[in-house]
Amino acid sequence: MSNPLPRAARRGLAEESADRIRDAIFAGHFPPGAPLREVELAASLEVSRGSVREGLALLEREGLVRSAWHRGTTVVEVTAEDVEEVYTVRAALDRLAATTALRRATADELAALDRLVDAMADELADGGDGPRLLALDIAFHDAVYAAAGNRRLTRAWHAVRSQVRLFQLRRIALGHAHYRARVVAEHRELVALLRAGDAEALARVAEEHVDSARRGLLAHLSRVDG
């Protein structure tokens, strides 16, 4: 079996270890609930257990992993309660980011958003790999937050960003069709409203975009749990 964790570079071993473990989680090598064992991770990354421990602490602050003395460290589970909390926070943040970007976004920034949506459409035309589509989706929202130009708002987004990505990956794993059917049209609509300057409509659509994802994931989870 090939090693899913490339050897860590000597940038800052805790941060580099966190980056590699995070990438492996998003690639599906460590699904929700999977254990993350320091000894094995340290051997794979060729770093000390201390560096891995510090890296896992960084991921715990992102909400991506959870540590408990009797269970060790595991990738967070995706529960209905967690989904409600994370997507409620995200809806408020996305609404503010969109309406702030409405006032500040440049023509170049709007064109960059268009290119990301075009890339989503191309990905769908080529078969629509879910994780690659999601990477473009996250990049789109990163760009909206950047266009908003509010550093504290961007930091708030980054506090939930990893959980959003993990939860969206779970949504895709449980039912890709719902995501594929909506991803391009929803993001095109957001760009069109940013250009149109209708703050009220943009705020409503930005929230609905998140709520649609929340409902889709909760529906899938209820079928799995049932």
# chains A, B, ... in the order shown; residues from 1 in each chain; ligands from 1

$ residues_around --residues "range 81-96 of chain A" --least-positions-apart "6" --cutoff "10 Å" --atoms "only C-alpha atoms" --output "PyMOL selection string"
chain A and resi 102+141+144-145+148+153-154+156-157+160-161+163-164+167-168+199-200+202-215+217-218+221

$ residues_around --residues "Asp118 in chain A" --least-positions-apart "5" --cutoff "9 Å" --atoms "only C-alpha atoms" --output "list in words"
Leu113, Glu123, Val184 and Arg188 of chain A

$ closest_residue --among "A:Glu54, A:Glu189, A:Glu38, A:Glu16" --to "Gly72 in chain A" --atoms "only C-alpha atoms"
A:Glu38

$ atom_distance --atom1 "CA of His70 in chain A" --atom2 "CA of Gly33 in chain A"
14.3 Å

$ closest_residue --among "A:Leu193, A:Ile25, A:Ile138, A:Ala42" --to "Thr74 in chain A" --atoms "only C-alpha atoms"
A:Ile25

$ select_by_dssp --residues "range 7-88 of chain A" --states "alpha helix (DSSP H)" --output "number ranges by chain"
A: 13-26, 38-45, 49-61, 80-88

$ atom_distance --atom1 "CA of Asp114 in chain A" --atom2 "CA of Asp23 in chain A"
26.1 Å

$ residues_around --residues "Ile172 in chain A" --least-positions-apart "5" --cutoff "10 Å" --atoms "only C-alpha atoms" --output "short mmCIF file (atom, residue, chain, number, x, y, z; two decimals) with N, CA, C and O atoms, in the first residue's frame"
data_model
loop_
_atom_site.label_atom_id
_atom_site.label_comp_id
_atom_site.auth_asym_id
_atom_site.auth_seq_id
_atom_site.Cartn_x
_atom_site.Cartn_y
_atom_site.Cartn_z
N ASP A 129 -15.63 14.95 -10.89
CA ASP A 129 -15.09 14.37 -9.67
C ASP A 129 -15.46 15.26 -8.48
O ASP A 129 -15.18 16.47 -8.48
N GLY A 130 -16.09 14.67 -7.47
CA GLY A 130 -16.60 15.44 -6.35
C GLY A 130 -15.55 16.23 -5.59
O GLY A 130 -15.71 17.44 -5.38
N PRO A 131 -14.47 15.61 -5.12
CA PRO A 131 -13.46 16.35 -4.38
C PRO A 131 -12.83 17.49 -5.19
O PRO A 131 -12.53 18.55 -4.63
N LEU A 133 -14.35 19.19 -7.64
CA LEU A 133 -15.38 20.22 -7.67
C LEU A 133 -15.41 20.99 -6.35
O LEU A 133 -15.53 22.22 -6.34
N LEU A 134 -15.30 20.28 -5.27
CA LEU A 134 -15.35 20.92 -3.96
C LEU A 134 -14.15 21.84 -3.77
O LEU A 134 -14.28 22.93 -3.18
N LEU A 166 -14.70 19.35 5.21
CA LEU A 166 -14.90 17.96 5.61
C LEU A 166 -16.38 17.57 5.52
O LEU A 166 -16.72 16.49 5.01
N PHE A 167 -17.25 18.45 5.98
CA PHE A 167 -18.68 18.15 5.95
C PHE A 167 -19.19 18.08 4.51
O PHE A 167 -20.03 17.23 4.18
N ALA A 177 -25.08 13.39 -6.60
CA ALA A 177 -25.98 13.95 -7.61
C ALA A 177 -26.54 15.31 -7.18
O ALA A 177 -26.64 16.24 -7.99
N HIS A 178 -26.94 15.44 -5.92
CA HIS A 178 -27.50 16.69 -5.42
C HIS A 178 -26.50 17.83 -5.59
O HIS A 178 -26.86 18.94 -6.00
N TYR A 179 -25.25 17.56 -5.26
CA TYR A 179 -24.20 18.58 -5.35
C TYR A 179 -23.92 18.93 -6.81
O TYR A 179 -23.85 20.10 -7.18
N ARG A 180 -23.74 17.92 -7.65
CA ARG A 180 -23.46 18.14 -9.07
C ARG A 180 -24.54 18.98 -9.75
O ARG A 180 -24.25 19.84 -10.58
N GLY A 216 -29.28 19.24 2.36
CA GLY A 216 -28.86 18.06 1.62
C GLY A 216 -28.07 17.10 2.48
O GLY A 216 -28.31 15.88 2.45
N LEU A 217 -27.13 17.62 3.26
CA LEU A 217 -26.32 16.75 4.11
C LEU A 217 -27.16 16.13 5.22
O LEU A 217 -27.04 14.93 5.50
N HIS A 220 -29.15 13.21 3.88
CA HIS A 220 -28.32 12.01 3.69
C HIS A 220 -27.98 11.36 5.02
O HIS A 220 -28.01 10.14 5.15
#
